[in-house]
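Raw run.txt, compact mmCIF, C-alpha atoms:
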# COMPACT_ATOMS: atom_id res chain seq x y z
CA MET G 18 -40.27 -1.83 38.02
CA LEU G 19 -38.22 0.53 35.87
CA LEU G 20 -35.84 -1.27 33.52
CA VAL G 21 -32.84 0.86 32.51
CA LEU G 22 -31.88 -0.39 29.04
CA CYS G 23 -28.46 0.63 27.73
CA VAL G 24 -28.50 0.17 23.93
CA ASP G 25 -25.35 -0.72 21.96
CA LEU G 26 -26.69 -1.17 18.43
CA ASP G 27 -23.38 -2.09 16.72
CA ASP G 28 -22.30 -4.48 19.51
CA ASP G 29 -19.07 -2.73 20.46
CA LEU G 30 -19.29 -4.43 23.84
CA GLY G 31 -19.36 -7.94 22.41
CA ARG G 32 -16.83 -7.34 19.65
CA LYS G 33 -14.24 -5.54 21.75
CA THR G 34 -14.52 -7.35 25.08
CA GLY G 35 -15.99 -10.75 24.29
CA PHE G 36 -18.88 -10.30 26.75
CA SER G 37 -21.97 -12.34 25.94
CA THR G 38 -25.10 -10.21 25.82
CA PRO G 39 -27.52 -9.23 27.16
CA VAL G 40 -25.80 -8.21 30.41
CA ILE G 41 -28.27 -8.02 33.30
CA GLY G 42 -27.71 -6.70 36.83
CA ARG G 43 -25.67 -3.92 38.32
CA ASP G 44 -22.44 -5.80 39.02
CA PRO G 45 -22.26 -7.56 35.62
CA VAL G 46 -23.10 -4.29 33.85
CA GLU G 47 -20.37 -2.45 35.77
CA GLU G 48 -17.88 -5.18 34.92
CA ALA G 49 -18.84 -4.90 31.24
CA ALA G 50 -18.46 -1.10 31.33
CA VAL G 51 -14.99 -1.33 32.85
CA ALA G 52 -13.95 -3.95 30.29
CA LEU G 53 -15.15 -1.82 27.37
CA ALA G 54 -13.50 1.30 28.80
CA THR G 55 -10.24 -0.64 29.12
CA ALA G 56 -10.47 -2.01 25.58
CA ASP G 57 -11.46 1.29 23.95
CA PRO G 58 -11.60 4.39 26.17
CA GLU G 59 -12.86 6.55 23.28
CA ASP G 60 -15.95 4.42 22.58
CA SER G 61 -19.13 6.41 23.27
CA ASP G 62 -20.95 3.27 24.45
CA VAL G 63 -18.77 3.37 27.58
CA ASN G 64 -20.55 6.56 28.62
CA VAL G 65 -23.94 5.00 27.82
CA ILE G 66 -23.33 2.07 30.17
CA PHE G 67 -21.97 4.26 32.96
CA GLN G 68 -24.94 6.59 32.54
CA GLY G 69 -27.22 3.59 32.97
CA LEU G 70 -25.38 2.64 36.16
CA HIS G 71 -25.70 6.23 37.39
CA ILE G 72 -29.47 6.21 36.82
CA TYR G 73 -29.74 2.82 38.52
CA ASP G 74 -27.82 4.00 41.61
CA ASP G 75 -29.82 7.23 41.81
CA LEU G 76 -33.19 5.44 41.67
CA SER G 77 -31.99 2.68 43.96
CA ASP G 78 -31.01 5.25 46.61
CA ARG G 79 -34.59 6.50 46.50
CA ASP G 80 -35.84 2.98 47.19
CA GLU G 81 -37.42 2.57 43.78
CA SER G 82 -37.71 -0.81 42.08
CA VAL G 83 -35.17 -0.69 39.28
CA GLU G 84 -33.00 -3.00 37.18
CA VAL G 85 -30.27 -2.24 34.64
CA ALA G 86 -29.28 -4.20 31.54
CA VAL G 87 -27.24 -3.82 28.35
CA VAL G 88 -28.65 -5.02 25.04
CA THR G 89 -26.72 -5.10 21.78
CA GLY G 90 -27.27 -5.68 18.06
CA ASN G 91 -24.54 -6.28 15.47
CA ASP G 92 -22.44 -4.39 12.95
CA GLU G 93 -23.91 -6.01 9.82
CA GLY G 94 -26.97 -3.85 9.20
CA ASP G 95 -29.80 -1.86 10.74
CA VAL G 96 -32.64 -4.37 10.24
CA LYS G 97 -30.75 -7.37 11.54
CA ALA G 98 -29.26 -5.34 14.38
CA ASN G 99 -32.73 -4.11 15.41
CA ARG G 100 -34.05 -7.66 15.44
CA GLU G 101 -31.21 -8.83 17.65
CA VAL G 102 -31.88 -5.97 20.07
CA GLY G 103 -35.52 -7.04 20.20
CA ASP G 104 -34.54 -10.65 20.94
CA GLU G 105 -32.23 -9.53 23.74
CA VAL G 106 -34.97 -7.31 25.22
CA ASP G 107 -37.21 -10.39 25.29
CA THR G 108 -34.45 -12.26 27.13
CA VAL G 109 -34.09 -9.46 29.66
CA LEU G 110 -37.85 -9.28 30.30
CA ALA G 111 -38.01 -13.03 30.75
CA SER G 112 -35.20 -12.94 33.31
CA VAL G 113 -36.76 -10.16 35.39
CA SER G 114 -38.75 -11.97 38.07
CA THR G 115 -41.29 -9.50 39.43
CA ALA G 116 -45.02 -9.23 39.74
CA GLU G 117 -44.89 -5.49 39.03
CA ASP G 118 -45.50 -3.92 35.68
CA VAL G 119 -42.23 -3.25 33.90
CA THR G 120 -41.47 -0.03 32.06
CA ALA G 121 -38.23 0.96 30.36
CA LEU G 122 -35.89 3.90 30.32
CA VAL G 123 -33.73 3.71 27.18
CA VAL G 124 -30.19 5.11 27.32
CA THR G 125 -28.41 5.72 23.98
CA ASP G 126 -25.55 7.77 22.56
CA GLY G 127 -27.24 9.10 19.42
CA ALA G 128 -29.97 8.97 16.83
CA GLN G 129 -28.70 5.75 15.25
CA ASP G 130 -29.18 3.73 18.43
CA GLU G 131 -32.57 5.38 18.96
CA SER G 132 -33.84 3.71 15.78
CA VAL G 133 -34.55 0.62 17.92
CA ILE G 134 -37.03 2.47 20.15
CA PRO G 135 -40.06 1.19 18.16
CA ILE G 136 -38.75 -2.36 18.58
CA ILE G 137 -38.40 -1.90 22.33
CA ARG G 138 -41.77 -0.15 22.63
CA SER G 139 -43.45 -3.16 20.99
CA ARG G 140 -42.25 -5.29 23.92
CA VAL G 141 -42.33 -2.98 26.93
CA PRO G 142 -43.74 0.51 27.64
CA ILE G 143 -41.09 3.25 27.50
CA ASP G 144 -41.08 5.95 30.19
CA GLY G 145 -38.32 7.98 28.58
CA VAL G 146 -35.19 8.16 26.47
CA ARG G 147 -31.87 9.50 27.75
CA ARG G 148 -29.29 10.47 25.16
CA VAL G 149 -25.74 10.66 26.53
CA VAL G 150 -23.64 13.48 25.07
CA VAL G 151 -20.07 13.85 26.31
CA ARG G 152 -19.27 17.46 27.16
CA GLN G 153 -15.80 17.35 25.62
CA ALA G 154 -17.25 16.28 22.25
CA GLN G 155 -19.44 19.33 21.70
CA ASN G 156 -19.00 22.23 19.31
CA LEU G 157 -15.69 24.07 19.76
CA GLU G 158 -13.87 21.37 21.71
CA SER G 159 -14.97 18.75 19.20
CA MET G 160 -13.62 20.92 16.38
CA TYR G 161 -10.37 21.46 18.25
CA TYR G 162 -9.99 17.71 18.81
CA THR G 163 -10.66 16.98 15.13
CA ILE G 164 -8.13 19.56 13.95
CA LYS G 165 -5.57 18.24 16.42
CA GLN G 166 -6.07 14.69 15.15
CA VAL G 167 -5.64 15.88 11.54
CA LEU G 168 -2.43 17.74 12.33
CA ASP G 169 -1.02 14.74 14.20
CA ASP G 170 -1.49 12.43 11.18
CA PRO G 171 1.57 12.60 8.86
CA GLU G 172 -0.42 11.33 5.87
CA THR G 173 -3.12 13.97 6.32
CA ARG G 174 -0.52 16.69 6.80
CA GLY G 175 1.12 15.83 3.51
CA THR G 176 -2.18 15.58 1.65
CA VAL G 177 -3.92 18.70 2.95
CA LEU G 178 -1.40 21.16 4.36
CA ILE G 179 1.17 21.17 1.55
CA PRO G 180 -1.28 22.11 -1.27
CA LEU G 181 -2.93 24.63 1.05
CA GLY G 182 0.44 26.15 1.86
CA ILE G 183 1.37 26.42 -1.83
CA LEU G 184 -1.95 28.13 -2.58
CA LEU G 185 -1.41 30.61 0.24
CA LEU G 186 2.06 31.40 -1.12
CA ILE G 187 0.73 32.39 -4.55
CA TYR G 188 -0.20 35.95 -3.58
CA PRO G 189 3.03 36.90 -1.75
CA LEU G 190 5.08 35.27 -4.50
CA ALA G 191 3.11 37.24 -7.09
CA LEU G 192 3.99 40.45 -5.23
CA ILE G 193 7.64 39.46 -5.19
CA GLY G 194 7.48 38.62 -8.90
CA SER G 195 5.92 41.99 -9.68
CA ALA G 196 8.66 43.76 -7.73
CA LEU G 197 11.28 41.81 -9.72
CA ASP G 198 9.44 42.32 -13.03
CA MET G 199 8.94 38.53 -13.33
CA PRO G 200 5.28 37.95 -12.36
CA GLY G 201 4.71 35.30 -15.02
CA PHE G 202 7.76 33.28 -14.01
CA VAL G 203 6.83 33.26 -10.32
CA LEU G 204 3.19 32.33 -10.92
CA GLY G 205 4.18 29.68 -13.45
CA THR G 206 6.70 28.12 -11.06
CA THR G 207 4.21 28.08 -8.20
CA SER G 208 1.44 26.50 -10.28
CA ALA G 209 3.94 23.98 -11.67
CA LEU G 210 4.97 22.96 -8.15
CA LEU G 211 1.34 22.54 -7.11
CA GLY G 212 0.53 20.57 -10.25
CA LEU G 213 3.55 18.29 -9.86
CA TYR G 214 2.67 17.65 -6.23
CA LEU G 215 -0.94 16.76 -7.02
CA ILE G 216 0.12 14.50 -9.88
CA SER G 217 2.67 12.72 -7.69
CA ARG G 218 0.07 12.21 -4.97
CA GLY G 219 -2.48 10.95 -7.47
CA LEU G 220 -0.08 8.48 -9.10
CA GLY G 221 1.52 7.43 -5.82
CA LEU G 222 4.98 8.51 -6.98
CA GLY G 223 6.02 9.31 -3.42
CA GLU G 224 5.54 5.73 -2.27
CA ARG G 225 7.32 4.41 -5.34
CA LEU G 226 10.25 6.76 -4.77
CA ASP G 227 10.46 5.67 -1.13
CA ASP G 228 10.42 2.01 -2.19
CA THR G 229 13.15 2.63 -4.76
CA VAL G 230 15.35 4.42 -2.23
CA GLU G 231 14.84 1.67 0.34
CA ARG G 232 15.62 -1.05 -2.23
CA THR G 233 18.74 0.81 -3.34
CA ARG G 234 19.87 1.18 0.25
CA ARG G 235 19.45 -2.56 0.86
CA LEU G 236 21.37 -3.39 -2.31
CA LEU G 237 24.16 -1.02 -1.29
CA TYR G 238 24.53 -2.51 2.18
CA ALA G 239 24.25 -6.07 0.83
CA GLY G 240 27.22 -5.56 -1.51
CA ARG G 241 25.23 -6.40 -4.65
CA THR G 242 27.18 -5.87 -7.87
CA THR G 243 23.90 -5.25 -9.69
CA LEU G 244 23.72 -1.74 -8.23
CA LEU G 245 27.17 -0.84 -9.59
CA ALA G 246 26.30 -2.47 -12.91
CA TYR G 247 23.15 -0.37 -13.20
CA VAL G 248 25.07 2.85 -12.53
CA VAL G 249 27.69 2.00 -15.17
CA ALA G 250 24.98 0.90 -17.61
CA ALA G 251 23.13 4.19 -17.15
CA ALA G 252 26.31 6.12 -17.95
CA LEU G 253 26.94 3.94 -21.04
CA PHE G 254 23.34 4.44 -22.15
CA VAL G 255 23.72 8.22 -21.96
CA LEU G 256 26.97 8.04 -23.91
CA GLY G 257 25.26 5.86 -26.50
CA ALA G 258 22.42 8.32 -26.93
CA VAL G 259 24.88 11.20 -27.38
CA SER G 260 26.93 9.18 -29.88
CA GLY G 261 23.79 8.24 -31.81
CA LEU G 262 22.66 11.86 -32.01
CA ASP G 263 26.12 12.94 -33.20
CA THR G 264 26.04 10.30 -35.93
CA LEU G 265 22.54 11.42 -36.90
CA ASP G 266 23.69 15.05 -37.17
CA GLY G 267 26.64 13.99 -39.33
CA VAL G 268 24.41 12.04 -41.70
CA GLN G 269 21.98 14.97 -42.01
CA GLU G 270 24.83 17.35 -42.82
CA THR G 271 26.39 15.09 -45.48
CA THR G 272 23.16 13.96 -47.10
CA PRO G 273 21.64 16.37 -49.62
CA GLY G 274 17.91 16.93 -49.42
CA ARG G 275 15.50 15.59 -46.83
CA VAL G 276 16.60 12.51 -44.84
CA GLY G 277 13.92 9.83 -44.46
CA ALA G 278 12.85 8.33 -41.17
CA PRO G 279 14.45 4.88 -41.84
CA VAL G 280 17.81 6.49 -42.55
CA MET G 281 17.56 8.69 -39.46
CA LEU G 282 16.76 5.66 -37.30
CA ALA G 283 19.60 3.70 -38.90
CA ALA G 284 22.05 6.55 -38.23
CA PHE G 285 21.07 6.75 -34.58
CA VAL G 286 21.35 2.97 -34.14
CA TYR G 287 24.67 2.82 -35.98
CA GLY G 288 26.21 5.43 -33.71
CA SER G 289 24.80 4.14 -30.42
CA ILE G 290 24.43 0.38 -30.66
CA GLN G 291 27.92 -0.43 -29.36
CA TRP G 292 27.29 1.69 -26.24
CA PHE G 293 23.84 0.20 -25.69
CA ALA G 294 25.31 -3.30 -26.08
CA ALA G 295 28.00 -2.49 -23.53
CA ALA G 296 25.31 -1.28 -21.10
CA ALA G 297 23.29 -4.47 -21.58
CA LEU G 298 26.40 -6.62 -21.14
CA THR G 299 27.24 -4.79 -17.91
CA THR G 300 23.82 -5.33 -16.36
CA SER G 301 23.62 -8.99 -17.44
CA LEU G 302 27.08 -9.78 -16.06
CA GLY G 303 26.21 -8.00 -12.79
CA GLN G 304 23.05 -10.05 -12.38
CA ILE G 305 24.89 -13.28 -13.23
CA THR G 306 27.51 -12.46 -10.60
CA ASP G 307 24.88 -11.84 -7.93
CA GLU G 308 23.07 -15.07 -8.79
CA TYR G 309 26.33 -17.00 -8.53
CA ILE G 310 27.19 -15.45 -5.16
CA ALA G 311 23.69 -16.18 -3.87
CA GLY G 312 23.96 -19.83 -4.94
CA ARG G 313 21.15 -19.58 -7.50
CA PHE G 314 23.35 -19.73 -10.61
CA GLU G 315 22.19 -21.75 -13.61
CA TRP G 316 24.08 -22.27 -16.83
CA ARG G 317 21.35 -20.85 -19.04
CA TYR G 318 21.90 -17.44 -17.41
CA LEU G 319 25.09 -17.18 -19.49
CA ASN G 320 22.97 -16.98 -22.64
CA ALA G 321 22.19 -13.33 -21.91
CA PRO G 322 25.61 -11.86 -22.84
CA PHE G 323 25.71 -13.88 -26.06
CA TYR G 324 22.20 -12.81 -26.98
CA VAL G 325 23.20 -9.18 -26.42
CA ILE G 326 26.24 -9.58 -28.68
CA SER G 327 24.16 -11.31 -31.37
CA ILE G 328 21.44 -8.65 -31.37
CA ALA G 329 23.99 -5.81 -31.35
CA PHE G 330 25.88 -7.40 -34.25
CA VAL G 331 22.71 -7.79 -36.31
CA LEU G 332 21.46 -4.23 -35.60
CA HIS G 333 24.87 -2.78 -36.42
CA ALA G 334 24.93 -4.59 -39.76
CA VAL G 335 21.35 -3.60 -40.66
CA SER G 336 21.91 0.07 -39.76
CA ALA G 337 25.22 0.10 -41.67
CA TYR G 338 23.49 -1.36 -44.73
CA PHE G 339 20.83 1.39 -44.63
CA LEU G 340 23.62 3.98 -44.51
CA ASP G 341 25.41 2.34 -47.48
CA VAL G 342 28.42 1.60 -45.33
CA VAL G 343 28.47 -2.17 -46.05
CA GLU G 344 27.38 -4.41 -48.90
CA MET G 345 24.56 -6.93 -49.03
CA SER G 346 27.00 -9.80 -48.50
CA TYR G 347 28.18 -8.34 -45.20
CA LEU G 348 24.57 -7.98 -44.04
CA ALA G 349 23.82 -11.61 -44.93
CA MET G 350 26.94 -12.78 -43.13
CA ALA G 351 26.08 -10.72 -40.03
CA LEU G 352 22.53 -12.03 -39.89
CA THR G 353 23.76 -15.61 -40.24
CA ALA G 354 26.54 -15.17 -37.68
CA GLY G 355 24.23 -13.52 -35.13
CA THR G 356 21.63 -16.25 -35.49
CA LEU G 357 24.22 -19.03 -35.23
CA LEU G 358 25.81 -17.42 -32.18
CA GLY G 359 22.48 -17.33 -30.37
CA ILE G 360 21.61 -20.91 -31.32
CA VAL G 361 25.05 -22.32 -30.47
CA SER G 362 25.10 -20.57 -27.06
CA THR G 363 21.62 -21.86 -26.26
CA LEU G 364 22.50 -25.45 -27.18
CA ALA G 365 25.89 -25.33 -25.47
CA PHE G 366 24.62 -24.08 -22.13
CA ALA G 367 21.61 -26.40 -22.27
CA VAL G 368 23.97 -29.35 -22.70
CA LEU G 369 26.21 -28.10 -19.89
CA GLU G 370 23.25 -27.64 -17.59
CA SER G 371 21.90 -31.10 -18.34
CA ARG G 372 25.34 -32.71 -17.90
CA PHE G 373 26.00 -31.00 -14.57
CA SER G 374 22.50 -31.72 -13.29
CA GLU G 375 22.87 -35.38 -14.26
CA SER G 376 26.27 -35.61 -12.58
CA SER G 377 24.85 -34.14 -9.40
CA ASP G 378 21.83 -36.49 -9.28
CA PRO G 379 23.81 -39.71 -8.51
CA GLU G 380 25.55 -37.96 -5.62
CA GLN G 381 22.20 -36.88 -4.28
CA ASP G 382 20.89 -40.42 -4.72
CA VAL G 383 23.90 -41.81 -2.87
CA GLU G 384 23.36 -39.36 -0.01
CA GLU G 385 19.68 -40.26 0.16
CA GLY G 386 20.57 -43.98 0.09
CA THR G 387 23.10 -43.47 2.89
CA ARG G 388 20.51 -41.68 5.01
CA ASP G 389 18.03 -44.50 4.38
CA PHE G 390 20.70 -47.11 5.31
CA ASP G 391 21.61 -45.24 8.48
CA GLY G 392 17.96 -44.95 9.40
CA ALA G 393 17.48 -48.67 8.84
Here is a file; write its structure as structure tokens.
Amino acid sequence: MLLVLCVDLDDDLGRKTGFSTPVIGRDPVEEAAVALATADPEDSDVNVIFQGLHIYDDLSDRDESVEVAVVTGNDEGDVKANREVGDEVDTVLASVSTAEDVTALVVTDGAQDESVIPIIRSRVPIDGVRRVVVRQAQNLESMYYTIKQVLDDPETRGTVLIPLGILLLIYPLALIGSALDMPGFVLGTTSALLGLYLISRGLGLGERLDDTVERTRRLLYAGRTTLLAYVVAAALFVLGAVSGLDTLDGVQETTPGRVGAPVMLAAFVYGSIQWFAAAALTTSLGQITDEYIAGRFEWRYLNAPFYVISIAFVLHAVSAYFLDVVEMSYLAMALTAGTLLGIVSTLAFAVLESRFSESSDPEQDVEEGTRDFDGA
């Protein structure tokens, strides 16, 4: 008897269809082949099983004694997969009830599956090995299919085609730059674009930008005041930076000699701190408003504006002292006032939060007691 053994080393049949292996007999093998083709039409093991059925039918028509079976391994590793194939071959041989000598014809789809041939040969003589190669997967058509798959993938297009296109544009752009007497500018711009693209791909800036745009769109449609607060705060921050630089320029012009780093920093802070404080107040009030609308408001959130005012007051006094605008007494008073403002706001809102939480607890207890009474 000739035993046609279809080998599926990585057990695509079992994993994708749930068939228990080995599969023995023409009808069960055909059913398994159809199930695998339905689950994954591109799996090469489909062709292996159908090739085994084709060999079985051809030999059976010539009145030869033949049987067909599918044996599988697993996807964990070569050694363990080979052992499982050997165990399933033993099961197949034990199930074949014949007094004839049994030989095997092994059907595979490549060199990897053929690594089990020594295992099979140790159990049954092998008359031959049939490797199934699909015509559409050879040479030029295989290359065409691969290129088509690459071009159909948006991620691959963005990763491969855009840098390749920029590189191909270097030469024509260089010619244009030479004609315009600006070869250095054109080449520099092209290389800068390529470098920025590669850096953005490497750091994942595209995904982050997409996430930021999507989050901004959701905030805009949700009517969140935080978005408006951020826009206003950004404008105030820019104005603060400009004001700080103007103050720094004025100090450098009016101060003879070289201005030290502490004085320069103090001048910038003195001219910009009120704008930076306004930006921080805007964002904190926007977030507090959104938390209140969403029903997640807590009294301690109101500490943020007072902290901003305290810090701004202290920094303004310190920078003014470095610029000899105020006296030591004013600095001491500002430090004390800023500290007291932060402490008083923290204590006040902590007391308010505890009072309101305590006043709400009895109502909750009453509601829970009412539910318990009703249930009783």
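Nearest-residue note for G:Ala121: choosing from G:Val342, G:Leu262, G:Leu20, G:Val249, the minimum distance belongs to G:Leu20, counting only C-alpha atoms.
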Do you have, as a tab-separated table, the list of residues of stretch 288-316 of chain G lying at most 8 Å from stretch 320-332 of chain G, each with its nearest atom pair and that distance in Å to one decimal, counting all atoms listed in the file and ordered by chain then number?
residue	atom	partner	partner_atom	distance
G:Ile290	CA	G:Ala329	CA	6.2
G:Gln291	CA	G:Ala329	CA	7.0
G:Ala294	CA	G:Ala329	CA	6.0
G:Ala297	CA	G:Val325	CA	6.8
G:Leu298	CA	G:Pro322	CA	5.6
G:Ser301	CA	G:Ala321	CA	6.4
G:Leu302	CA	G:Pro322	CA	7.2
G:Trp316	CA	G:Asn320	CA	7.9
With 3 Å of padding per side, what axis-aligned box (centre and edge lengths, Å, one decimal) covers all the listed atoms of stretch 259-265 of chain G? Give it as AutoDock Vina command-line options.
--center_x 24.7 --center_y 10.6 --center_z -32.1 --size_x 10.4 --size_y 10.7 --size_z 15.5
Compute the distance from (18.0, 0.9, -47.6) to each atom, counting all atoms listed in the file, keep the residues with any atom at most 8 Å away, and return them as an NGL selection string; use the coordinates of the file.
:G and (279-280 or 338-341)
With distances taken over all atoms listed in the file, which residue among G:Leu210, G:Glu117, G:Asp198, G:Arg43 lies nearest G:Leu186?
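Looking at the shortest contact to G:Leu186, the residue is G:Leu210.
The residue that comes closest to G:Ile137, out of G:Ala311, G:Glu47, G:Ser82, G:Leu22 and on the basis of only C-alpha atoms, is G:Leu22.
Residues within 12 Å of G:Val248, counting only C-alpha atoms and excluding same-chain residues fewer than 2 positions away, are G:Thr233, G:Leu237, G:Thr242, G:Thr243, G:Leu244, G:Leu245, G:Ala246, G:Ala250, G:Ala251, G:Ala252, G:Leu253, G:Phe254, G:Val255, G:Ala296, G:Ala297, G:Thr299, G:Thr300, G:Gly303.
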Spatial neighbours of G:Val146, 8 Å, all atoms listed in the file, chain gap at least 5 places, as a PyMOL selection string
chain G and resi 122-125
Nearest to G:Leu185 among G:Gly201, G:Phe373, G:Ser208, G:Gly90, with distances taken over only C-alpha atoms: which residue is it?
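Of G:Gly201, G:Phe373, G:Ser208, G:Gly90, the one nearest G:Leu185 is G:Ser208, counting only C-alpha atoms.
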Length of the atom CA of G:Thr34 to atom CA of G:Ala49 vector [Å]
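We find that atom CA of G:Thr34 and atom CA of G:Ala49 lie 7.9 Å from each other.
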Dump as a ChimeraX atom specification all residues having an atom at most 12 Å from (3.2, 35.9, -4.1), computed in the file's coordinates with all atoms listed in the file.
/G:182-197,199-208
Show me, as a VMD selection string, the residues that have an atom within 10 Å of G:Asp92 when counting all atoms listed in the file, minus same-chain residues fewer than 2 positions from it.
chain G and resid 26 to 29 32 89 to 90 94 to 95 97 to 98
